[in-house]
$ cat entry.cif   # mmCIF, C-alpha atoms and all ligand atoms
data_target
loop_
_atom_site.label_atom_id
_atom_site.label_comp_id
_atom_site.auth_asym_id
_atom_site.auth_seq_id
_atom_site.Cartn_x
_atom_site.Cartn_y
_atom_site.Cartn_z
CA MET A 1 20.66 29.55 80.72
CA PRO A 2 18.35 30.72 83.50
CA MET A 3 15.34 28.51 83.95
CA ASN A 4 12.63 31.08 83.24
CA GLU A 5 14.21 32.13 79.97
CA ASP A 6 14.25 28.50 78.92
CA VAL A 7 10.58 28.14 79.75
CA LEU A 8 9.77 31.31 77.87
CA ARG A 9 11.62 30.14 74.81
CA THR A 10 9.77 26.82 74.91
CA ALA A 11 6.44 28.57 75.18
CA GLU A 12 7.30 30.76 72.22
CA ALA A 13 8.39 27.83 70.12
CA ALA A 14 5.21 25.95 70.98
CA MET A 15 3.24 28.62 69.16
CA LYS A 16 4.80 27.70 65.84
CA THR A 17 2.91 25.40 63.51
CA SER A 18 6.14 23.72 62.42
CA ASP A 19 6.61 22.25 65.89
CA LEU A 20 3.40 20.30 65.73
CA SER A 21 3.44 16.57 65.17
CA LEU A 22 1.57 15.06 62.26
CA ALA A 23 -1.04 13.67 64.66
CA GLN A 24 -1.60 17.14 66.06
CA LEU A 25 -2.08 18.39 62.52
CA GLY A 26 -4.81 15.78 61.93
CA TRP A 27 -2.80 12.95 60.33
CA LYS A 28 -4.62 9.62 60.51
CA ALA A 29 -4.25 6.03 59.37
CA PHE A 30 -6.53 6.87 56.44
CA PHE A 31 -3.74 9.09 55.07
CA SER A 32 -0.66 7.10 56.07
CA GLU A 33 -2.13 4.04 54.33
CA GLN A 34 -1.92 5.97 51.06
CA VAL A 35 1.84 6.54 51.28
CA SER A 36 4.38 3.86 50.46
CA LEU A 37 7.67 3.53 52.32
CA GLU A 38 9.47 4.40 49.12
CA GLU A 39 7.45 7.57 48.64
CA SER A 40 8.06 8.70 52.18
CA ARG A 41 11.81 8.79 51.49
CA SER A 42 11.43 11.53 48.90
CA PHE A 43 8.23 13.17 50.09
CA GLN A 44 6.85 14.40 53.38
CA PRO A 45 3.19 14.93 54.32
CA ALA A 46 2.03 18.51 54.85
CA ARG A 47 -1.38 20.01 55.56
CA VAL A 48 -2.76 23.03 53.72
CA ILE A 49 -3.44 25.81 56.23
CA SER A 50 -4.49 28.46 53.71
CA VAL A 51 -4.77 28.99 49.97
CA HIS A 52 -3.67 32.04 47.99
CA ARG A 53 -3.32 32.89 44.35
CA GLY A 54 -0.94 30.28 43.01
CA ARG A 55 0.42 29.30 46.42
CA VAL A 56 -0.54 27.40 49.54
CA SER A 57 0.68 27.68 53.14
CA VAL A 58 1.50 24.26 54.48
CA ALA A 59 2.52 22.74 57.80
CA GLY A 60 4.21 19.42 58.38
CA GLU A 61 6.85 17.91 60.64
CA GLY A 62 9.48 20.64 60.93
CA LEU A 63 7.88 22.41 58.00
CA GLU A 64 6.02 25.68 57.78
CA ASP A 65 6.19 27.24 54.36
CA SER A 66 4.42 28.80 51.44
CA ILE A 67 4.84 26.71 48.29
CA PRO A 68 3.51 26.81 44.71
CA SER A 69 0.08 25.18 44.50
CA SER A 70 0.62 23.56 41.11
CA LEU A 71 0.69 19.80 40.64
CA PRO A 72 3.12 17.86 38.41
CA VAL A 73 0.25 16.82 36.13
CA ALA A 74 -2.89 18.89 35.59
CA GLY A 75 -5.87 16.82 36.64
CA GLY A 76 -9.62 17.06 37.06
CA ALA A 77 -11.71 19.73 38.72
CA GLU A 78 -10.99 18.43 42.22
CA ASP A 79 -7.24 17.99 41.72
CA ARG A 80 -6.32 21.31 43.28
CA PRO A 81 -5.15 21.78 46.85
CA THR A 82 -7.70 23.30 49.21
CA VAL A 83 -7.72 24.20 52.89
CA GLY A 84 -7.33 21.10 55.06
CA ASP A 85 -5.82 18.97 52.31
CA TRP A 86 -2.95 16.59 52.98
CA LEU A 87 -0.19 16.84 50.39
CA LEU A 88 2.97 14.94 49.70
CA VAL A 89 5.68 17.55 49.35
CA ASP A 90 9.08 16.91 47.79
CA ARG A 91 11.66 17.12 50.58
CA ASN A 92 14.19 18.82 48.31
CA SER A 93 12.30 21.03 45.88
CA ARG A 94 9.33 21.73 48.18
CA THR A 95 6.90 21.20 45.35
CA ILE A 96 3.69 19.20 45.55
CA ALA A 97 3.96 15.59 44.38
CA ARG A 98 0.28 14.76 44.90
CA ILE A 99 -2.82 15.38 46.97
CA LEU A 100 -3.82 12.48 49.22
CA ALA A 101 -7.37 11.14 48.95
CA ARG A 102 -9.73 13.12 51.18
CA THR A 103 -12.03 11.92 53.95
CA SER A 104 -14.45 14.72 53.05
CA LEU A 105 -14.67 17.60 50.58
CA PHE A 106 -16.73 20.80 50.67
CA LYS A 107 -17.24 22.34 47.23
CA ARG A 108 -19.71 24.42 45.26
CA PRO A 109 -20.23 25.67 41.74
CA ALA A 110 -17.81 28.56 41.19
CA PRO A 111 -19.58 31.91 41.53
CA GLY A 112 -20.02 33.44 38.10
CA ASP A 113 -19.11 30.24 36.26
CA GLU A 114 -21.23 27.33 37.31
CA ARG A 115 -19.41 24.93 35.01
CA ARG A 116 -16.40 25.20 37.25
CA VAL A 117 -16.22 23.92 40.79
CA GLN A 118 -14.80 25.85 43.73
CA LEU A 119 -13.19 23.77 46.45
CA ILE A 120 -13.87 25.09 49.94
CA ALA A 121 -12.28 22.69 52.42
CA ALA A 122 -11.15 19.10 52.76
CA ASN A 123 -10.70 16.55 55.52
CA VAL A 124 -13.17 18.13 57.95
CA ASP A 125 -14.29 15.56 60.53
CA THR A 126 -17.23 17.34 62.16
CA LEU A 127 -19.62 19.99 60.89
CA PHE A 128 -21.24 22.18 63.54
CA ILE A 129 -24.63 23.14 62.17
CA VAL A 130 -25.24 26.25 64.21
CA THR A 131 -28.74 27.53 64.78
CA ALA A 132 -30.24 29.74 67.46
CA CYS A 133 -33.03 28.69 69.79
CA LYS A 134 -34.88 31.89 69.02
CA GLN A 135 -35.99 33.21 65.61
CA ASP A 136 -33.61 31.13 63.55
CA PHE A 137 -34.81 27.65 64.54
CA ASN A 138 -36.14 26.10 61.35
CA ILE A 139 -36.51 22.38 60.70
CA ALA A 140 -36.35 22.70 56.91
CA ARG A 141 -33.07 24.58 57.15
CA LEU A 142 -31.61 21.97 59.50
CA GLU A 143 -32.60 19.23 57.06
CA ARG A 144 -30.81 21.05 54.26
CA TYR A 145 -27.63 21.22 56.27
CA LEU A 146 -27.96 17.53 57.16
CA VAL A 147 -28.21 16.74 53.46
CA LEU A 148 -25.09 18.81 52.87
CA ALA A 149 -23.19 16.98 55.65
CA ARG A 150 -24.22 13.66 54.12
CA GLU A 151 -23.01 14.67 50.67
CA VAL A 152 -19.71 15.97 51.93
CA GLY A 153 -19.01 13.03 54.24
CA VAL A 154 -18.71 14.82 57.58
CA ARG A 155 -20.33 13.99 60.90
CA PRO A 156 -23.05 16.57 61.59
CA VAL A 157 -23.57 17.99 65.07
CA VAL A 158 -26.47 20.40 65.58
CA VAL A 159 -25.43 23.20 67.92
CA LEU A 160 -28.36 25.14 69.33
CA THR A 161 -27.10 28.49 70.59
CA LYS A 162 -28.81 31.09 72.76
CA ALA A 163 -30.20 28.40 75.07
CA ASP A 164 -30.50 31.17 77.65
CA LEU A 165 -33.01 33.08 75.51
CA SER A 166 -35.52 30.27 75.04
CA PRO A 167 -38.17 29.39 77.64
CA ALA A 168 -38.22 25.70 76.66
CA PRO A 169 -35.09 24.86 74.64
CA GLU A 170 -35.48 21.11 75.38
CA LEU A 171 -38.42 21.02 72.98
CA LEU A 172 -36.17 22.28 70.19
CA VAL A 173 -33.50 19.73 71.10
CA ASP A 174 -36.12 16.97 70.79
CA ALA A 175 -37.35 18.35 67.46
CA ALA A 176 -33.79 18.39 66.09
CA ARG A 177 -32.96 14.92 67.45
CA ALA A 178 -36.02 13.49 65.70
CA LEU A 179 -34.59 14.45 62.30
CA GLN A 180 -32.08 11.61 62.06
CA SER A 181 -31.45 8.63 64.28
CA GLY A 182 -28.31 9.05 66.36
CA LEU A 183 -28.03 12.75 65.48
CA GLN A 184 -25.96 14.66 68.04
CA VAL A 185 -27.64 17.84 69.27
CA GLU A 186 -25.93 20.16 71.75
CA LEU A 187 -27.55 23.06 73.53
CA VAL A 188 -25.24 25.93 74.49
CA ASP A 189 -24.97 29.49 75.61
CA GLY A 190 -22.23 30.45 73.20
CA ARG A 191 -20.88 33.16 75.49
CA ASP A 192 -20.36 30.81 78.42
CA PRO A 193 -17.16 28.69 78.43
CA ALA A 194 -18.66 26.15 80.85
CA SER A 195 -21.57 25.62 78.48
CA VAL A 196 -19.46 25.48 75.31
CA ALA A 197 -17.20 22.91 77.02
CA ARG A 198 -19.68 20.23 75.96
CA LEU A 199 -18.34 20.67 72.41
CA ALA A 200 -14.77 19.87 73.52
CA ASP A 201 -15.06 16.20 72.60
CA TYR A 202 -15.50 17.10 68.94
CA CYS A 203 -12.56 19.51 69.02
CA GLY A 204 -9.83 17.28 70.44
CA VAL A 205 -6.24 16.94 69.22
CA GLY A 206 -6.10 16.02 65.54
CA GLN A 207 -9.81 16.73 64.98
CA THR A 208 -10.96 19.21 62.35
CA VAL A 209 -14.26 21.03 62.65
CA ALA A 210 -16.12 23.59 60.54
CA LEU A 211 -19.17 25.76 61.22
CA VAL A 212 -22.14 26.64 59.07
CA GLY A 213 -25.25 28.61 59.95
CA SER A 214 -27.15 31.78 59.16
CA SER A 215 -25.87 35.21 60.03
CA GLY A 216 -26.32 36.19 63.65
CA VAL A 217 -26.83 32.71 65.12
CA GLY A 218 -23.64 33.07 67.13
CA LYS A 219 -20.86 31.42 65.09
CA SER A 220 -18.23 34.05 65.88
CA THR A 221 -19.21 34.02 69.53
CA LEU A 222 -18.82 30.25 69.61
CA VAL A 223 -15.41 30.40 67.96
CA LYS A 224 -14.29 33.03 70.42
CA THR A 225 -15.34 30.92 73.37
CA LEU A 226 -13.89 27.72 71.88
CA THR A 227 -10.49 29.31 71.35
CA GLY A 228 -10.55 31.48 74.43
CA SER A 229 -9.42 34.29 72.19
CA SER A 230 -10.97 37.32 70.60
CA SER A 231 -8.11 37.80 68.20
CA ILE A 232 -8.90 34.86 65.97
CA ALA A 233 -10.26 36.84 63.05
CA THR A 234 -7.10 38.87 62.89
CA GLN A 235 -4.55 36.08 63.36
CA ALA A 236 -2.25 36.57 60.43
CA VAL A 237 0.70 34.75 58.96
CA ARG A 238 3.64 36.47 57.41
CA GLU A 239 5.04 34.52 54.57
CA ASP A 240 7.39 34.61 51.67
CA ASP A 241 5.57 34.97 48.38
CA GLY A 242 8.35 33.19 46.53
CA LYS A 243 9.68 36.40 44.99
CA GLY A 244 11.50 37.49 48.10
CA ARG A 245 8.65 39.69 49.29
CA HIS A 246 6.78 39.12 52.49
CA THR A 247 3.01 39.21 52.45
CA THR A 248 0.58 39.07 55.31
CA THR A 249 -2.39 36.81 54.85
CA VAL A 250 -5.18 35.58 57.06
CA ARG A 251 -5.12 31.96 58.12
CA GLU A 252 -8.04 29.79 57.08
CA MET A 253 -7.43 26.96 59.55
CA TYR A 254 -7.11 27.85 63.21
CA ARG A 255 -5.73 25.90 66.12
CA LEU A 256 -8.40 25.31 68.75
CA ALA A 257 -5.96 25.51 71.61
CA ASN A 258 -7.50 27.07 74.67
CA GLY A 259 -4.77 28.05 77.10
CA ALA A 260 -2.96 24.90 78.19
CA ASN A 261 -5.67 22.67 76.68
CA GLU A 262 -4.51 21.35 73.37
CA GLY A 263 -7.10 21.17 70.68
CA GLY A 264 -7.81 20.42 67.06
CA TRP A 265 -8.50 22.69 64.11
CA LEU A 266 -11.27 24.97 62.95
CA VAL A 267 -11.74 25.63 59.25
CA ASP A 268 -13.23 29.07 58.79
CA THR A 269 -13.08 30.30 55.20
CA PRO A 270 -15.47 32.85 53.71
CA GLY A 271 -16.90 30.13 51.42
CA MET A 272 -17.68 27.80 54.32
CA ARG A 273 -20.10 30.19 55.97
CA GLU A 274 -22.13 30.64 52.79
CA LEU A 275 -22.46 26.98 51.88
CA GLN A 276 -25.62 25.68 50.30
CA MET A 277 -26.79 22.31 49.17
CA SER A 278 -25.06 21.33 45.95
CA GLU A 279 -25.94 19.18 43.01
CA VAL A 280 -25.73 15.68 44.41
CA SER A 281 -28.88 13.75 45.27
CA THR A 282 -27.58 11.00 47.54
CA GLY A 283 -27.88 13.16 50.63
CA VAL A 284 -31.58 13.85 50.14
CA THR A 285 -32.38 10.16 49.82
CA GLU A 286 -30.45 9.27 52.95
CA VAL A 287 -31.56 12.10 55.19
CA PHE A 288 -35.16 11.38 54.22
CA ASP A 289 -34.83 7.60 54.31
CA ASP A 290 -38.04 7.27 56.34
CA VAL A 291 -39.92 8.82 53.39
CA THR A 292 -37.95 7.19 50.56
CA ASN A 293 -38.34 3.74 52.13
CA VAL A 294 -42.10 4.16 52.05
CA ALA A 295 -41.96 5.44 48.45
CA LEU A 296 -40.38 2.12 47.44
CA GLU A 297 -43.74 0.51 48.24
CA CYS A 298 -45.70 2.66 45.76
CA ARG A 299 -47.37 0.57 43.04
CA PHE A 300 -45.77 2.59 40.23
CA SER A 301 -42.01 3.11 40.27
CA ASN A 302 -42.49 6.59 38.77
CA CYS A 303 -45.23 7.49 41.26
CA THR A 304 -45.48 11.26 41.85
CA HIS A 305 -47.31 10.64 45.15
CA ILE A 306 -50.08 13.03 44.19
CA ALA A 307 -53.15 11.01 43.22
CA GLU A 308 -51.90 7.66 41.88
CA PRO A 309 -53.64 4.49 42.98
CA GLY A 310 -51.52 2.36 45.29
CA CYS A 311 -49.41 5.31 46.50
CA ALA A 312 -47.73 4.19 49.72
CA ILE A 313 -46.79 7.76 50.68
CA ASN A 314 -50.41 8.91 50.65
CA ALA A 315 -51.45 5.79 52.55
CA ALA A 316 -48.77 6.36 55.19
CA MET A 317 -49.80 9.99 55.63
CA ALA A 318 -53.45 8.99 55.94
CA ALA A 319 -52.50 6.41 58.57
CA GLY A 320 -50.53 9.01 60.51
CA GLU A 321 -47.25 7.16 59.93
CA LEU A 322 -45.62 9.94 57.94
CA ASP A 323 -45.74 13.64 58.77
CA PRO A 324 -47.25 15.46 55.73
CA ALA A 325 -45.04 18.49 56.47
CA ARG A 326 -41.90 16.36 56.30
CA VAL A 327 -43.12 14.75 53.07
CA ALA A 328 -43.69 18.24 51.64
CA ARG A 329 -40.14 19.29 52.57
CA TRP A 330 -38.75 16.09 51.05
CA ARG A 331 -40.70 16.75 47.84
CA LYS A 332 -39.34 20.29 47.64
CA LEU A 333 -35.70 19.25 48.17
CA ALA A 334 -35.96 16.27 45.81
CA HIS A 335 -37.49 18.57 43.21
CA GLU A 336 -34.73 21.18 43.58
CA ASP A 337 -32.25 18.41 43.30
CA ALA A 338 -33.74 17.14 40.06
CA ALA A 339 -33.81 20.71 38.71
CA ASN A 340 -30.14 21.17 39.65
CA SER A 341 -29.12 17.90 38.02
CA GLY A 342 -31.18 18.81 34.95
CA ALA A 343 -29.45 22.17 34.73
CA ALA A 344 -26.07 20.50 35.08
CA ALA A 345 -26.92 18.03 32.34
CA ALA A 346 -28.09 20.88 30.11
CA ARG A 347 -24.82 22.72 30.72
CA ARG A 348 -22.81 19.65 29.87
CA SER A 349 -24.50 19.28 26.50
CA ARG A 350 -24.54 22.99 25.74
CA PRO A 351 -22.33 25.07 23.43
CA GLY A 352 -19.31 24.07 21.47
CA ASN A 353 -20.78 20.73 20.64
CA ALA A 354 -21.81 20.81 16.97
CA ALA A 355 -23.95 17.72 17.38
CA ASN A 356 -26.22 19.74 19.65
CA ARG A 357 -26.97 22.36 17.03
CA ARG A 358 -29.73 21.94 14.56
N1 LIG B 1 -27.93 35.50 74.79
C1 LIG B 1 -27.08 34.95 73.93
N2 LIG B 1 -26.55 35.71 72.97
C2 LIG B 1 -25.68 35.14 72.10
C3 LIG B 1 -25.33 33.77 72.18
N3 LIG B 1 -24.47 33.48 71.15
C4 LIG B 1 -24.30 34.65 70.48
N4 LIG B 1 -25.01 35.65 71.04
C5 LIG B 1 -25.13 37.04 70.57
O1 LIG B 1 -25.72 37.03 69.27
C6 LIG B 1 -25.17 38.06 68.45
C7 LIG B 1 -24.67 37.49 67.12
O2 LIG B 1 -23.59 36.61 67.40
P1 LIG B 1 -22.39 36.36 66.37
O3 LIG B 1 -21.45 35.41 67.04
O4 LIG B 1 -21.82 37.64 65.88
O5 LIG B 1 -23.15 35.66 65.17
P2 LIG B 1 -22.53 35.05 63.82
O6 LIG B 1 -23.23 33.77 63.56
O7 LIG B 1 -21.05 34.99 63.89
O8 LIG B 1 -22.97 36.08 62.75
P3 LIG B 1 -22.24 36.50 61.39
O9 LIG B 1 -20.92 37.12 61.79
O10 LIG B 1 -23.17 37.49 60.77
O11 LIG B 1 -22.08 35.24 60.59
C8 LIG B 1 -24.10 38.73 69.28
O12 LIG B 1 -24.64 39.87 69.84
C9 LIG B 1 -23.78 37.70 70.37
O13 LIG B 1 -23.33 38.28 71.56
C10 LIG B 1 -25.93 32.98 73.22
O14 LIG B 1 -25.72 31.76 73.34
N5 LIG B 1 -26.78 33.63 74.07
ZN ZN B 2 -46.52 7.27 45.67
#
$ encode --input "entry.cif" --output "structure tokens"
Amino acid sequence: MPMNEDVLRTAEAAMKTSDLSLAQLGWKAFFSEQVSLEESRSFQPARVISVHRGRVSVAGEGLEDSIPSSLPVAGGAEDRPTVGDWLLVDRNSRTIARILARTSLFKRPAPGDERRVQLIAANVDTLFIVTACKQDFNIARLERYLVLAREVGVRPVVVLTKADLSPAPELLVDAARALQSGLQVELVDGRDPASVARLADYCGVGQTVALVGSSGVGKSTLVKTLTGSSSIATQAVREDDGKGRHTTTVREMYRLANGANEGGWLVDTPGMRELQMSEVSTGVTEVFDDVTNVALECRFSNCTHIAEPGCAINAAMAAGELDPARVARWRKLAHEDAANSGAAAARRSRPGNAANRR
């Protein structure tokens, strides 16, 4: 076979997901530790690339297929495959044996039925919290996203876009860095590949990233520059729907390969872009640990930090040790959180339960 044809064929084959190794797909010790030698004889690991009604597209070693999304035993609300999940798939029947435990999980109450939970993505390593140096820069919003990252279990990285439009973007970088010790903050011009290159470390082989941020901050622009492609939104997969028909669907996990540079994965589902803080309170406590640590010193354990004697929060604000604006934001988030949990508790004890009726 002539050399160039060979090269061409190799290049073509390299485009296929089924030629990727498990490590390239994001497989880590965390997952392999969950699989016994015995299990691995009958089952192979596969990652969920997209989710459709009743089916999932998966990729594994030598495997690229659309398979039924049902599990052998119906489980709890989170026992459904979602984008980014690692599954054990039966080597013969190509059915799902089980979902491996996740490193992180994005979810939200299902729209229209808050008693149900909608899974958005799993096993994301890094969350790019995208905000623009101009109009959009808002500390309270950043804090909300940090709370979300904490709840979900992903590493947050604040990406400040439109650096070129701000006269003093360093001030914003400092303001963002001050929110959490060790917080990574990157300043970019999203249109400029040289500038966006500073995000490459988070997007390496086997890494999975996701983006959140308000409309217009430059998420699509960033994705375009990261992938070196403008066709990402239209990348489609043709797949068998199990009834012999072929359907075309849009991928929800994209390869961040830029030319010859191999990269990781970007999760970009409609649900991801709209994410809000959910019902769990742990994130608020941890993101605001400077405030909550002081609150531990209040004389009364149920102190409302308004006018109680011995309130450590008020004392710290008076002494200039706590920023009153940050305390106000903490109060607001903690309050919303309590309201959410209260609503959830109310829902749990609502209808159907005769004991609740008078
Ligand atoms: N000057 C400058 N303009 C930018 C930068 N990043 C994005 N833009 C521009 O900002 C506008 C909005 O960018 P998008 O990438 O569409 O924003 P988005 O966050 O994807 O918005 P949605 O699609 O609504 O979620 C576009 O006109 C971009 O060209 C930047 O770093 N500098
Ligand atoms: Zn107090």
$ residues_near_ligand --input "entry.cif" --ligand "ligand LIG 1 (chain B)" --cutoff "10 Å" --atoms "only C-alpha atoms and all ligand atoms" --output "ChimeraX atom specification"
/A:130-134,160-166,187-192,195-196,211-225,270,273-274
$ residues_near_ligand --input "entry.cif" --ligand "ligand ZN 2 (chain B)" --cutoff "12 Å" --atoms "all atoms listed in the file" --output "PDB file with C-alpha atoms, in the frame of the given file"
ATOM      1  CA  VAL A 291     -39.920   8.820  53.390  1.00  0.00           C
ATOM      2  CA  THR A 292     -37.950   7.190  50.560  1.00  0.00           C
ATOM      3  CA  ASN A 293     -38.340   3.740  52.130  1.00  0.00           C
ATOM      4  CA  VAL A 294     -42.100   4.160  52.050  1.00  0.00           C
ATOM      5  CA  ALA A 295     -41.960   5.440  48.450  1.00  0.00           C
ATOM      6  CA  LEU A 296     -40.380   2.120  47.440  1.00  0.00           C
ATOM      7  CA  GLU A 297     -43.740   0.510  48.240  1.00  0.00           C
ATOM      8  CA  CYS A 298     -45.700   2.660  45.760  1.00  0.00           C
ATOM      9  CA  ARG A 299     -47.370   0.570  43.040  1.00  0.00           C
ATOM     10  CA  PHE A 300     -45.770   2.590  40.230  1.00  0.00           C
ATOM     11  CA  SER A 301     -42.010   3.110  40.270  1.00  0.00           C
ATOM     12  CA  ASN A 302     -42.490   6.590  38.770  1.00  0.00           C
ATOM     13  CA  CYS A 303     -45.230   7.490  41.260  1.00  0.00           C
ATOM     14  CA  THR A 304     -45.480  11.260  41.850  1.00  0.00           C
ATOM     15  CA  HIS A 305     -47.310  10.640  45.150  1.00  0.00           C
ATOM     16  CA  ILE A 306     -50.080  13.030  44.190  1.00  0.00           C
ATOM     17  CA  ALA A 307     -53.150  11.010  43.220  1.00  0.00           C
ATOM     18  CA  GLU A 308     -51.900   7.660  41.880  1.00  0.00           C
ATOM     19  CA  PRO A 309     -53.640   4.490  42.980  1.00  0.00           C
ATOM     20  CA  GLY A 310     -51.520   2.360  45.290  1.00  0.00           C
ATOM     21  CA  CYS A 311     -49.410   5.310  46.500  1.00  0.00           C
ATOM     22  CA  ALA A 312     -47.730   4.190  49.720  1.00  0.00           C
ATOM     23  CA  ILE A 313     -46.790   7.760  50.680  1.00  0.00           C
ATOM     24  CA  ASN A 314     -50.410   8.910  50.650  1.00  0.00           C
ATOM     25  CA  ALA A 315     -51.450   5.790  52.550  1.00  0.00           C
ATOM     26  CA  ALA A 316     -48.770   6.360  55.190  1.00  0.00           C
ATOM     27  CA  MET A 317     -49.800   9.990  55.630  1.00  0.00           C
ATOM     28  CA  VAL A 327     -43.120  14.750  53.070  1.00  0.00           C
ATOM     29  CA  ARG A 331     -40.700  16.750  47.840  1.00  0.00           C
TER      30      ARG A 331
END
$ residues_near_point --input "entry.cif" --point "(-4.1, 27.8, 53.7)" --cutoff "9 Å" --atoms "only C-alpha atoms" --output "list in words"
Arg47, Val48, Ile49, Ser50, Val51, His52, Arg55, Val56, Ser57, Val58, Ser66, Thr82, Val83, Gly84, Val250, Arg251, Glu252 and Met253 of chain A
$ atom_distance --input "entry.cif" --atom1 "atom CA of A:Val117" --atom2 "atom CA of A:Val147"
18.9 Å
$ atom_distance --input "entry.cif" --atom1 "atom CA of A:Glu170" --atom2 "atom CA of A:Phe288"
23.3 Å
$ closest_residue --input "entry.cif" --among "A:Glu78, A:Val284, A:Leu142, A:Leu100" --to "A:Trp330" --atoms "only C-alpha atoms"
A:Val284
$ atom_distance --input "entry.cif" --atom1 "atom CA of A:Phe30" --atom2 "atom CA of A:Gly153"
14.1 Å
$ residues_around --input "entry.cif" --residues "A:Asp79" --least-positions-apart "5" --cutoff "12 Å" --atoms "only C-alpha atoms" --output "ChimeraX atom specification"
/A:69-74,85,87,96-102,105,117-119,122
$ write_last_selection --input "entry.cif" --atoms "C-alpha atoms" --output "tab-separated table (two decimals), keeping the file's coordinate frame"
chain	number	residue	atom	x	y	z
A	69	SER	CA	0.08	25.18	44.50
A	70	SER	CA	0.62	23.56	41.11
A	71	LEU	CA	0.69	19.80	40.64
A	72	PRO	CA	3.12	17.86	38.41
A	73	VAL	CA	0.25	16.82	36.13
A	74	ALA	CA	-2.89	18.89	35.59
A	85	ASP	CA	-5.82	18.97	52.31
A	87	LEU	CA	-0.19	16.84	50.39
A	96	ILE	CA	3.69	19.20	45.55
A	97	ALA	CA	3.96	15.59	44.38
A	98	ARG	CA	0.28	14.76	44.90
A	99	ILE	CA	-2.82	15.38	46.97
A	100	LEU	CA	-3.82	12.48	49.22
A	101	ALA	CA	-7.37	11.14	48.95
A	102	ARG	CA	-9.73	13.12	51.18
A	105	LEU	CA	-14.67	17.60	50.58
A	117	VAL	CA	-16.22	23.92	40.79
A	118	GLN	CA	-14.80	25.85	43.73
A	119	LEU	CA	-13.19	23.77	46.45
A	122	ALA	CA	-11.15	19.10	52.76
$ residues_around --input "entry.cif" --residues "A:Leu146" --least-positions-apart "2" --cutoff "10 Å" --atoms "all atoms listed in the file" --output "list in words"
Leu127, Ile129, Ala140, Arg141, Leu142, Glu143, Arg144, Leu148, Ala149, Arg150, Glu151, Val152, Val154, Arg155, Pro156, Val157, Val158, Leu179, Gln180, Leu183, Met277, Gly283, Val284, Glu286, Val287 and Phe288 of chain A
$ residues_around --input "entry.cif" --residues "A:Val89" --least-positions-apart "6" --cutoff "7 Å" --atoms "all atoms listed in the file" --output "PyMOL selection string"
chain A and resi 43-46+95-97
$ closest_residue --input "entry.cif" --among "A:Pro167, A:Gly76, A:Pro324, A:Gly264" --to "A:Asp201" --atoms "only C-alpha atoms"
A:Gly264
$ closest_residue --input "entry.cif" --among "A:Leu333, A:Val205, A:Ala121, A:Leu266" --to "A:Ser21" --atoms "all atoms listed in the file"
A:Val205
$ build_atoms --input "entry.cif" --residues "stretch 200-211 of chain A" --atoms "N, CA and C atoms" --output "short mmCIF file (atom, residue, chain, number, x, y, z; two decimals), keeping the file's coordinate frame"
data_model
loop_
_atom_site.label_atom_id
_atom_site.label_comp_id
_atom_site.auth_asym_id
_atom_site.auth_seq_id
_atom_site.Cartn_x
_atom_site.Cartn_y
_atom_site.Cartn_z
N ALA A 200 -16.21 20.16 73.49
CA ALA A 200 -14.77 19.87 73.52
C ALA A 200 -14.44 18.51 72.92
N ASP A 201 -15.32 17.54 73.12
CA ASP A 201 -15.06 16.20 72.60
C ASP A 201 -14.90 16.17 71.08
N TYR A 202 -15.57 17.07 70.41
CA TYR A 202 -15.50 17.10 68.94
C TYR A 202 -14.26 17.86 68.47
N CYS A 203 -13.63 18.59 69.41
CA CYS A 203 -12.56 19.51 69.02
C CYS A 203 -11.20 19.06 69.54
N GLY A 204 -11.06 17.78 69.83
CA GLY A 204 -9.83 17.28 70.44
C GLY A 204 -8.64 17.32 69.49
N VAL A 205 -7.48 16.94 70.00
CA VAL A 205 -6.24 16.94 69.22
C VAL A 205 -6.42 16.13 67.94
N GLY A 206 -6.04 16.71 66.82
CA GLY A 206 -6.10 16.02 65.54
C GLY A 206 -7.46 16.09 64.86
N GLN A 207 -8.46 16.61 65.56
CA GLN A 207 -9.81 16.73 64.98
C GLN A 207 -9.94 18.03 64.21
N THR A 208 -10.71 18.00 63.11
CA THR A 208 -10.96 19.21 62.35
C THR A 208 -12.46 19.47 62.29
N VAL A 209 -12.84 20.68 62.66
CA VAL A 209 -14.26 21.03 62.65
C VAL A 209 -14.48 22.25 61.74
N ALA A 210 -15.73 22.40 61.29
CA ALA A 210 -16.12 23.59 60.54
C ALA A 210 -17.50 23.99 61.02
N LEU A 211 -17.86 25.26 60.80
CA LEU A 211 -19.17 25.76 61.22
C LEU A 211 -19.96 26.28 60.04
#
